[in-house]
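What follows is the content of query-v4.csv (CSV, C-alpha atoms and all ligand atoms).
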chain,number,residue,atom,x,y,z
B,71,MET,CA,117.5,111.0,90.7
B,72,LYS,CA,120.3,108.4,90.4
B,73,VAL,CA,121.1,105.9,93.2
B,74,ARG,CA,124.9,105.3,93.3
B,75,LYS,CA,125.6,104.6,97.0
B,76,ALA,CA,124.7,102.1,99.6
B,77,VAL,CA,124.8,102.0,103.4
B,78,ILE,CA,125.1,98.6,105.2
B,79,PRO,CA,124.6,98.6,109.0
B,80,ALA,CA,126.5,95.7,110.5
B,81,ALA,CA,127.3,96.9,114.0
B,82,GLY,CA,124.6,95.2,116.1
B,83,PHE,CA,125.5,93.0,119.1
B,84,GLY,CA,123.9,89.9,117.7
B,85,THR,CA,122.8,88.7,121.1
B,86,ARG,CA,120.5,86.2,119.5
B,87,PHE,CA,123.6,84.4,118.2
B,88,LEU,CA,125.7,84.3,121.3
B,89,PRO,CA,128.2,82.8,122.1
B,90,ALA,CA,129.3,82.8,118.4
B,91,THR,CA,129.1,86.6,118.3
B,92,LYS,CA,131.1,87.2,121.4
B,93,SER,CA,134.2,88.0,119.4
B,94,GLN,CA,133.1,87.8,115.8
B,95,PRO,CA,130.3,89.5,113.9
B,96,LYS,CA,127.2,87.5,112.8
B,97,GLU,CA,127.7,89.1,109.4
B,98,MET,CA,130.9,86.9,109.0
B,99,LEU,CA,129.0,83.7,109.7
B,100,PRO,CA,129.3,81.5,106.6
B,101,ILE,CA,126.4,80.4,104.4
B,102,VAL,CA,128.2,77.2,103.2
B,103,ASP,CA,131.6,78.8,102.6
B,104,THR,CA,130.9,82.5,102.0
B,105,PRO,CA,130.2,85.1,104.8
B,106,VAL,CA,126.7,86.5,104.8
B,107,ILE,CA,128.1,90.0,104.3
B,108,GLN,CA,129.8,89.0,101.0
B,109,TYR,CA,126.4,88.1,99.6
B,110,VAL,CA,125.1,91.5,100.7
B,111,ILE,CA,128.0,93.3,99.0
B,112,LYS,CA,127.3,91.2,95.8
B,113,GLU,CA,123.7,92.3,95.9
B,114,CYS,CA,124.9,95.9,95.8
B,115,VAL,CA,127.3,95.3,93.0
B,116,ASP,CA,124.7,93.3,91.0
B,117,SER,CA,122.3,96.3,91.5
B,118,GLY,CA,124.8,98.7,90.0
B,119,ILE,CA,126.2,100.1,93.2
B,120,SER,CA,129.9,100.0,94.0
B,121,ASP,CA,130.3,102.8,96.5
B,122,ILE,CA,129.4,101.4,99.9
B,123,LEU,CA,129.6,102.5,103.5
B,124,MET,CA,129.6,99.8,106.1
B,125,VAL,CA,128.7,100.8,109.7
B,126,ILE,CA,130.6,98.5,112.0
B,127,GLY,CA,131.2,98.2,115.7
B,128,LYS,CA,133.3,96.3,118.3
B,129,SER,CA,134.7,93.0,117.2
B,130,LYS,CA,134.0,93.8,113.5
B,131,ARG,CA,137.6,94.0,112.3
B,132,ALA,CA,137.1,90.6,110.6
B,133,ILE,CA,134.7,92.3,108.1
B,134,GLU,CA,137.4,94.9,107.2
B,135,GLU,CA,140.0,92.2,106.8
B,136,HIS,CA,137.7,90.1,104.6
B,137,PHE,CA,137.4,92.8,102.0
B,138,ASP,CA,141.1,93.7,102.1
B,139,ARG,CA,144.0,92.0,100.2
B,140,ASN,CA,145.8,89.2,102.1
B,141,PHE,CA,149.2,89.0,100.4
B,142,GLU,CA,150.5,86.1,102.5
B,143,LEU,CA,147.5,83.9,101.7
B,144,GLU,CA,147.7,84.9,98.0
B,145,SER,CA,151.4,84.0,97.7
B,146,GLU,CA,150.7,80.7,99.5
B,147,LEU,CA,147.9,79.8,97.0
B,148,ALA,CA,150.1,80.9,94.1
B,149,GLU,CA,153.0,78.7,95.2
B,150,LYS,CA,150.6,75.8,95.5
B,151,ASN,CA,149.1,76.5,92.0
B,152,LYS,CA,145.6,76.8,93.5
B,153,THR,CA,144.6,79.4,90.8
B,154,ASP,CA,140.9,79.0,91.2
B,155,LEU,CA,141.0,79.8,94.9
B,156,LEU,CA,143.6,82.6,94.3
B,157,ASP,CA,141.3,84.3,91.8
B,158,GLN,CA,138.3,83.9,94.1
B,159,ILE,CA,140.2,85.4,97.1
B,160,ARG,CA,141.6,88.3,95.0
B,161,SER,CA,138.2,89.2,93.5
B,162,ILE,CA,136.7,89.8,97.0
B,163,SER,CA,138.9,92.8,97.6
B,164,SER,CA,138.1,94.3,94.2
B,165,MET,CA,134.3,93.8,94.4
B,166,ALA,CA,133.5,97.3,95.4
B,167,ASN,CA,134.7,100.5,97.0
B,168,ILE,CA,134.0,99.8,100.6
B,169,HIS,CA,134.3,102.4,103.3
B,170,PHE,CA,134.0,101.7,107.0
B,171,ILE,CA,132.8,103.8,109.9
B,172,TRP,CA,132.5,102.8,113.5
B,173,GLN,CA,129.2,103.2,115.3
B,174,LYS,CA,130.5,104.6,118.7
B,175,GLU,CA,127.5,103.4,120.8
B,176,LEU,CA,125.0,100.9,119.6
B,177,ASN,CA,122.0,103.1,119.8
B,178,GLY,CA,119.9,101.2,117.3
B,179,LEU,CA,119.4,100.8,113.6
B,180,GLY,CA,118.2,104.4,113.1
B,181,ASP,CA,121.4,105.7,114.8
B,182,ALA,CA,123.6,103.4,112.6
B,183,VAL,CA,121.9,104.8,109.5
B,184,MET,CA,122.7,108.4,110.6
B,185,TYR,CA,126.4,107.6,110.2
B,186,GLY,CA,125.8,107.5,106.5
B,187,ARG,CA,124.8,111.2,106.3
B,188,THR,CA,128.1,112.7,105.2
B,189,PHE,CA,128.8,109.8,102.9
B,190,CYS,CA,125.5,110.1,101.1
B,191,GLY,CA,125.3,113.9,101.1
B,192,ASN,CA,122.3,115.0,99.0
B,193,GLU,CA,121.9,111.8,97.2
B,194,PRO,CA,119.4,109.0,97.5
B,195,PHE,CA,120.9,105.7,98.7
B,196,ALA,CA,120.2,102.0,99.2
B,197,LEU,CA,120.1,100.6,102.7
B,198,LEU,CA,120.8,96.9,103.1
B,199,LEU,CA,120.8,95.2,106.5
B,200,GLY,CA,124.1,93.2,106.8
B,201,ASP,CA,122.4,90.2,108.5
B,202,THR,CA,119.7,89.7,105.9
B,203,LEU,CA,119.6,88.0,102.5
B,204,LEU,CA,116.8,88.3,100.0
B,205,GLY,CA,116.3,85.8,97.3
B,206,THR,CA,114.2,86.9,94.3
B,207,ASN,CA,112.1,85.0,91.7
B,208,ASP,CA,112.3,88.0,89.4
B,209,GLU,CA,112.2,86.8,85.8
B,210,LEU,CA,114.9,89.3,84.8
B,211,GLY,CA,117.0,88.1,87.7
B,212,ARG,CA,117.2,91.6,89.2
B,213,PRO,CA,118.2,91.7,92.9
B,214,ILE,CA,115.6,93.3,95.2
B,215,THR,CA,117.9,96.3,95.7
B,216,ARG,CA,117.9,96.9,91.9
B,217,GLN,CA,114.1,96.6,91.8
B,218,LEU,CA,113.9,99.2,94.6
B,219,ILE,CA,116.3,101.6,92.9
B,220,GLU,CA,114.1,101.5,89.8
B,221,ILE,CA,111.0,102.3,91.8
B,222,CYS,CA,112.8,105.2,93.6
B,223,GLU,CA,114.1,106.7,90.4
B,224,ARG,CA,110.7,106.4,88.7
B,225,PHE,CA,108.5,107.8,91.5
B,226,GLU,CA,111.2,110.0,93.1
B,227,SER,CA,110.2,108.6,96.4
B,228,SER,CA,111.7,106.4,99.1
B,229,VAL,CA,110.7,102.7,98.9
B,230,VAL,CA,110.9,99.7,101.1
B,231,ALA,CA,110.9,96.0,100.4
B,232,LEU,CA,107.9,94.2,101.9
B,233,GLU,CA,107.6,90.4,102.5
B,234,SER,CA,104.2,88.6,103.0
B,235,VAL,CA,104.3,86.9,106.4
B,236,PRO,CA,101.6,84.8,108.1
B,237,MET,CA,99.0,87.0,109.9
B,238,ASP,CA,99.9,85.4,113.2
B,239,LYS,CA,103.5,86.6,112.9
B,240,VAL,CA,102.8,90.3,112.2
B,241,GLU,CA,103.5,91.2,115.9
B,242,ARG,CA,107.2,90.5,115.2
B,243,TYR,CA,107.8,93.0,112.4
B,244,GLY,CA,107.3,96.5,111.1
B,245,ILE,CA,104.2,96.3,108.9
B,246,GLY,CA,103.3,98.5,106.0
B,247,GLY,CA,99.9,99.1,104.4
B,248,GLY,CA,98.6,101.0,101.4
B,249,GLU,CA,97.1,100.9,98.0
B,250,GLU,CA,98.6,98.6,95.4
B,251,ILE,CA,99.0,100.9,92.4
B,252,GLU,CA,100.7,98.4,90.1
B,253,PRO,CA,101.3,94.7,90.6
B,254,GLY,CA,103.6,94.5,93.6
B,255,ILE,CA,104.0,98.3,94.0
B,256,LEU,CA,102.2,100.0,96.9
B,257,ARG,CA,101.7,103.6,97.7
B,258,LEU,CA,102.1,103.3,101.5
B,259,ASP,CA,99.7,105.1,103.9
B,260,GLN,CA,100.8,103.3,107.1
B,261,LEU,CA,103.9,101.9,108.8
B,262,VAL,CA,103.4,100.3,112.2
B,263,GLU,CA,106.1,98.7,114.3
B,264,LYS,CA,105.1,95.3,115.7
B,265,PRO,CA,101.3,95.8,115.6
B,266,LYS,CA,98.7,93.5,117.2
B,267,ARG,CA,97.2,91.1,114.8
B,268,ASP,CA,93.8,92.9,114.7
B,269,GLU,CA,95.5,96.3,114.3
B,270,ALA,CA,97.9,95.4,111.5
B,271,PRO,CA,97.2,97.2,108.2
B,272,SER,CA,98.3,94.1,106.2
B,273,ASN,CA,100.6,91.1,106.5
B,274,LEU,CA,103.5,92.9,104.7
B,275,ALA,CA,106.6,93.1,106.8
B,276,ILE,CA,109.6,95.4,106.3
B,277,ALA,CA,112.3,93.1,105.0
B,278,GLY,CA,115.7,94.7,105.4
B,279,ARG,CA,116.1,96.5,102.0
B,280,TYR,CA,115.3,100.1,101.4
B,281,VAL,CA,116.1,103.0,99.1
B,282,PHE,CA,115.8,106.4,100.7
B,283,THR,CA,115.9,110.0,99.5
B,284,PRO,CA,118.3,112.0,101.6
B,285,GLU,CA,115.5,113.7,103.6
B,286,ILE,CA,115.4,110.5,105.8
B,287,PHE,CA,118.5,111.9,107.6
B,288,ASP,CA,116.4,115.0,108.7
B,289,TYR,CA,113.7,112.7,110.1
B,290,LEU,CA,116.2,110.5,111.8
B,291,ALA,CA,117.9,113.6,113.4
B,292,GLU,CA,114.6,114.5,115.0
B,293,THR,CA,113.7,111.0,116.1
B,294,LYS,CA,113.9,110.5,119.9
B,295,PRO,CA,114.9,107.1,121.3
B,296,GLY,CA,111.9,104.7,121.2
B,297,LYS,CA,111.6,101.0,122.0
B,298,ASN,CA,114.6,99.6,123.9
B,299,ASN,CA,115.8,103.2,124.2
B,300,GLU,CA,117.1,102.9,120.6
B,301,ILE,CA,116.6,105.3,117.7
B,302,GLN,CA,114.1,103.3,115.6
B,303,LEU,CA,114.4,103.6,111.8
B,304,THR,CA,110.7,102.8,111.5
B,305,ASP,CA,109.7,105.8,113.6
B,306,ALA,CA,111.6,108.1,111.3
B,307,MET,CA,110.1,106.3,108.3
B,308,ALA,CA,106.6,106.7,109.6
B,309,ARG,CA,107.0,110.5,109.9
B,310,MET,CA,108.6,110.7,106.5
B,311,LEU,CA,105.7,108.7,105.0
B,312,ALA,CA,103.2,111.1,106.6
B,313,GLU,CA,104.9,114.2,105.2
B,314,ARG,CA,106.4,113.1,101.9
B,315,GLY,CA,104.9,109.7,100.9
B,316,MET,CA,106.7,106.4,100.4
B,317,HIS,CA,106.4,103.3,98.3
B,318,GLY,CA,106.6,99.7,99.1
B,319,LEU,CA,107.6,96.7,96.9
B,320,ARG,CA,105.8,93.4,97.7
B,321,PHE,CA,108.6,91.4,96.4
B,322,ASP,CA,108.4,88.0,94.9
B,323,GLY,CA,111.1,86.0,96.7
B,324,LYS,CA,112.3,84.9,100.1
B,325,ARG,CA,113.9,86.5,103.1
B,326,TYR,CA,116.7,84.9,105.0
B,327,ASP,CA,117.3,86.4,108.5
B,328,ILE,CA,120.7,85.2,109.4
B,329,GLY,CA,120.6,86.8,112.9
B,330,ASN,CA,118.1,84.1,113.9
B,331,LYS,CA,119.5,80.7,114.6
B,332,LEU,CA,116.8,78.6,113.0
B,333,ASP,CA,116.8,80.7,109.9
B,334,PHE,CA,120.6,80.6,109.7
B,335,LEU,CA,120.5,76.8,109.8
B,336,LYS,CA,117.7,76.6,107.2
B,337,THR,CA,119.5,79.0,104.9
B,338,ASN,CA,122.7,77.0,105.1
B,339,ILE,CA,120.8,73.8,104.2
B,340,GLU,CA,118.9,75.4,101.3
B,341,PHE,CA,121.9,77.1,99.8
B,342,ALA,CA,124.0,73.9,100.2
B,343,LEU,CA,121.3,71.7,98.6
B,344,LYS,CA,121.4,74.0,95.5
B,345,ARG,CA,125.1,73.5,95.0
B,346,ASP,CA,126.7,70.9,92.8
B,347,ASP,CA,129.7,70.2,95.1
B,348,VAL,CA,128.0,69.6,98.4
B,349,GLY,CA,124.2,69.4,97.4
B,350,PRO,CA,123.9,65.7,96.5
B,351,GLY,CA,125.9,64.5,99.5
B,352,LEU,CA,123.9,66.7,101.9
B,353,ALA,CA,120.6,65.5,100.4
B,354,LYS,CA,121.6,61.9,101.0
B,355,PHE,CA,122.7,62.7,104.6
B,356,ILE,CA,119.5,64.6,105.4
B,357,LYS,CA,117.4,61.6,104.3
B,358,GLU,CA,119.5,59.2,106.4
B,359,ILE,CA,119.6,61.3,109.5
B,360,ALA,CA,115.8,62.1,109.3
B,361,LYS,CA,115.2,58.3,109.2
B,362,GLU,CA,117.5,57.7,112.1
B,363,LEU,CA,116.4,60.7,114.3
B,364,GLY,CA,113.2,61.9,112.9
B,365,PRO,CA,109.7,61.5,114.4
B,401,LIG,P1,119.1,93.6,114.9
B,401,LIG,O1,117.7,94.1,115.3
B,401,LIG,O2,119.2,92.2,114.4
B,401,LIG,O3,120.0,93.7,116.2
B,401,LIG,O4,119.7,94.6,114.0
B,401,LIG,P2,121.3,93.0,116.6
B,401,LIG,O5,121.9,93.7,117.8
B,401,LIG,O6,122.2,93.0,115.4
B,401,LIG,O7,121.0,91.5,116.9
B,401,LIG,P3,120.3,90.9,118.3
B,401,LIG,O8,118.8,91.3,118.2
B,401,LIG,O9,121.0,91.5,119.4
B,401,LIG,O10,120.5,89.4,118.1
B,401,LIG,C1,119.3,94.8,112.6
B,401,LIG,C2,120.5,95.3,111.8
B,401,LIG,O11,120.9,96.6,112.3
B,401,LIG,C3,122.3,96.6,112.7
B,401,LIG,C4,122.6,95.1,112.9
B,401,LIG,O12,124.0,94.9,112.7
B,401,LIG,C5,121.7,94.4,111.9
B,401,LIG,O13,122.3,94.4,110.6
B,401,LIG,N1,122.4,97.4,113.9
B,401,LIG,C6,121.5,97.3,114.9
B,401,LIG,C7,123.4,98.3,113.9
B,401,LIG,O14,124.3,98.5,113.0
B,401,LIG,N2,123.6,99.1,115.0
B,401,LIG,C8,122.7,99.1,116.1
B,401,LIG,O15,122.9,99.8,117.1
B,401,LIG,C9,121.7,98.1,116.0
Step by step, read the file and then write its structure as structure tokens.
Ligand code: UTP
Amino acid sequence: MKVRKAVIPAAGFGTRFLPATKSQPKEMLPIVDTPVIQYVIKECVDSGISDILMVIGKSKRAIEEHFDRNFELESELAEKNKTDLLDQIRSISSMANIHFIWQKELNGLGDAVMYGRTFCGNEPFALLLGDTLLGTNDELGRPITRQLIEICERFESSVVALESVPMDKVERYGIGGGEEIEPGILRLDQLVEKPKRDEAPSNLAIAGRYVFTPEIFDYLAETKPGKNNEIQLTDAMARMLAERGMHGLRFDGKRYDIGNKLDFLKTNIEFALKRDDVGPGLAKFIKEIAKELGP
């Protein structure tokens, strides 16, 4: 069982980020100077995957254009001898083999994933949400998707990344529970969407990265619209778990949910502070502004 393909849903309305998302996708919002979706593609590439299907919707053309060549811009940069920028711009279009498909109606994440069926055929695949970044503290520096692929190939089972969240926040997430069979690896026995605190099997939340065996498409095809009248991926996963089993990876790292305004701002600050070019200036500014406006 070898994982060679990835599906990235990036078609959602992004209503939590209006008005910015009225005519441009949230996946193109920059973290410092790089669109969120470029980090997601890089995670695929760094995980050994270069064949990627992106599910896009209305107002998402900017994503296609971002990963295409831009000859006018390239010749402008060449003329001005801006070779560093030129190399950077060119390398984006050769990062991976990216295919696009349009989700005709936005019927939910589960429906978006279904658009990957023909592309994946009978192969396992990675699923990465286009509006979520995951940082890892892995000592080998492996991205979370790489870690999931290794678990899928070892156990021949689907696997989902799980993030520890505070117990009073479990109602916001899909939560997984099960036995920890190795440090960080769980054999799941429960998946519950947005449970009440006292009904949650754990504090481990589904975190936007998955590797599925192709049977997930059969379960999705049988899944009726659920909450918000949308096809819920978690519903299909819960049935797959009951019949075929599934693993979870309690990853050591951090989730950045870009679709949420506060997280988006925090992510920008964190990523910027870690950079040599803007980090020192920003750190100084934050101290000054906190003194001026802070409590
Ligand atoms: P969200 O739950 O964040 O929904 O989707 P959303 O519509 O993008 O954002 P809000 O809640 O209105 O602000 C999670 C992921 O699933 C994709 C989104 O693009 C995002 O990456 N998605 C969601 C689709 O591709 N299609 C859908 O019909 C719904």
So which one's closest to Ser161 (chain B), B:Lys344, B:Lys266, B:Lys112, B:Lys75? Using all atoms listed in the file, please.
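Smallest separation from Ser161 (chain B) among the options: B:Lys112.
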Looking at all atoms listed in the file, which of B:Gly315, B:Pro253, B:Gly186, B:Gly296 is the one that sits closest to Glu226 (chain B)?
B:Gly315
Considering only C-alpha atoms, state which residue in the set B:Val106, B:Val348, B:Ile356, B:Ala182 is at the smallest distance from Tyr326 (chain B).
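Closest to Tyr326 (chain B) of all the choices is B:Val106.
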Can you work out which one of B:Asp208, B:Glu113, B:Glu285, B:Glu241 has the shortest atom-to-atom distance to Pro271 (chain B), counting only C-alpha atoms?
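Of all the options, B:Glu241 lies closest to Pro271 (chain B).
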Could I get the residue neighbourhood of ligand LIG 401 (chain B) at 8 Å, counting only C-alpha atoms and all ligand atoms, as a PyMOL selection string?
chain B and resi 78-88+96-97+125-127+173+175-183+199-202+300+329-330
Which residue is closest to Val115 (chain B)? Choose from B:Val229, B:Ile328, B:Ile162, B:Ile286 and count all atoms listed in the file.
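Comparing B:Val229, B:Ile328, B:Ile162, B:Ile286 against Val115 (chain B), the winner is B:Ile162.
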Quick one, how far is CA of Leu143 (chain B) from CA of Leu155 (chain B)?
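Here the two named atoms are 10.3 Å from each other.
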Please report the interatomic distance between CA of Cys114 (chain B) and CA of Leu332 (chain B) in Å with one decimal.
25.7 Å
Give the answer as one residue: which of B:Glu362, B:Asp154, B:Ile159, B:Tyr185 has the shortest atom-to-atom distance to Leu123 (chain B), using all atoms listed in the file?
B:Tyr185
Go ahead and compute the interatomic distance for CA of His317 (chain B) and CA of Ile221 (chain B), in Å to one decimal.
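Here the two named atoms are 8.0 Å from each other.
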Neighbour list for Leu198 (chain B) as a ChimeraX atom specification, cut-off 7 Å, only C-alpha atoms, skip fewer than 6 positions in-chain:
/B:77-78,278-280
Please fill the gaps in region 187-201 of chain B so it has N, CA and C atoms, and write that as an mmCIF file, in the coordinates of the input.
data_model
loop_
_atom_site.group_PDB
_atom_site.id
_atom_site.type_symbol
_atom_site.label_atom_id
_atom_site.label_comp_id
_atom_site.auth_asym_id
_atom_site.auth_seq_id
_atom_site.Cartn_x
_atom_site.Cartn_y
_atom_site.Cartn_z
ATOM 1 N N ARG B 187 125.193 109.856 106.814
ATOM 2 C CA ARG B 187 124.800 111.200 106.300
ATOM 3 C C ARG B 187 125.825 111.888 105.487
ATOM 4 N N THR B 188 127.050 111.975 105.990
ATOM 5 C CA THR B 188 128.100 112.700 105.200
ATOM 6 C C THR B 188 128.422 111.939 103.956
ATOM 7 N N PHE B 189 128.482 110.625 104.053
ATOM 8 C CA PHE B 189 128.800 109.800 102.900
ATOM 9 C C PHE B 189 127.798 109.972 101.769
ATOM 10 N N CYS B 190 126.518 110.043 102.114
ATOM 11 C CA CYS B 190 125.500 110.100 101.100
ATOM 12 C C CYS B 190 125.228 111.563 100.626
ATOM 13 N N GLY B 191 125.501 112.531 101.511
ATOM 14 C CA GLY B 191 125.300 113.900 101.100
ATOM 15 C C GLY B 191 123.844 114.136 100.696
ATOM 16 N N ASN B 192 123.686 114.697 99.508
ATOM 17 C CA ASN B 192 122.300 115.000 99.000
ATOM 18 C C ASN B 192 121.820 114.001 98.044
ATOM 19 N N GLU B 193 122.330 112.785 98.136
ATOM 20 C CA GLU B 193 121.900 111.800 97.200
ATOM 21 C C GLU B 193 121.021 110.710 97.771
ATOM 22 N N PRO B 194 120.166 110.111 96.953
ATOM 23 C CA PRO B 194 119.400 109.000 97.500
ATOM 24 C C PRO B 194 120.382 107.784 97.647
ATOM 25 N N PHE B 195 120.017 106.837 98.479
ATOM 26 C CA PHE B 195 120.900 105.700 98.700
ATOM 27 C C PHE B 195 120.136 104.449 99.064
ATOM 28 N N ALA B 196 120.783 103.315 98.834
ATOM 29 C CA ALA B 196 120.200 102.000 99.200
ATOM 30 C C ALA B 196 120.647 101.686 100.623
ATOM 31 N N LEU B 197 119.763 101.065 101.388
ATOM 32 C CA LEU B 197 120.100 100.600 102.700
ATOM 33 C C LEU B 197 119.854 99.092 102.771
ATOM 34 N N LEU B 198 120.892 98.340 103.101
ATOM 35 C CA LEU B 198 120.800 96.900 103.100
ATOM 36 C C LEU B 198 121.222 96.398 104.524
ATOM 37 N N LEU B 199 120.391 95.682 105.248
ATOM 38 C CA LEU B 199 120.800 95.200 106.500
ATOM 39 C C LEU B 199 121.855 94.048 106.301
ATOM 40 N N GLY B 200 122.941 94.144 107.057
ATOM 41 C CA GLY B 200 124.100 93.200 106.800
ATOM 42 C C GLY B 200 123.818 91.812 107.268
ATOM 43 N N ASP B 201 122.694 91.571 107.978
ATOM 44 C CA ASP B 201 122.400 90.200 108.500
ATOM 45 C C ASP B 201 121.243 89.585 107.760
#
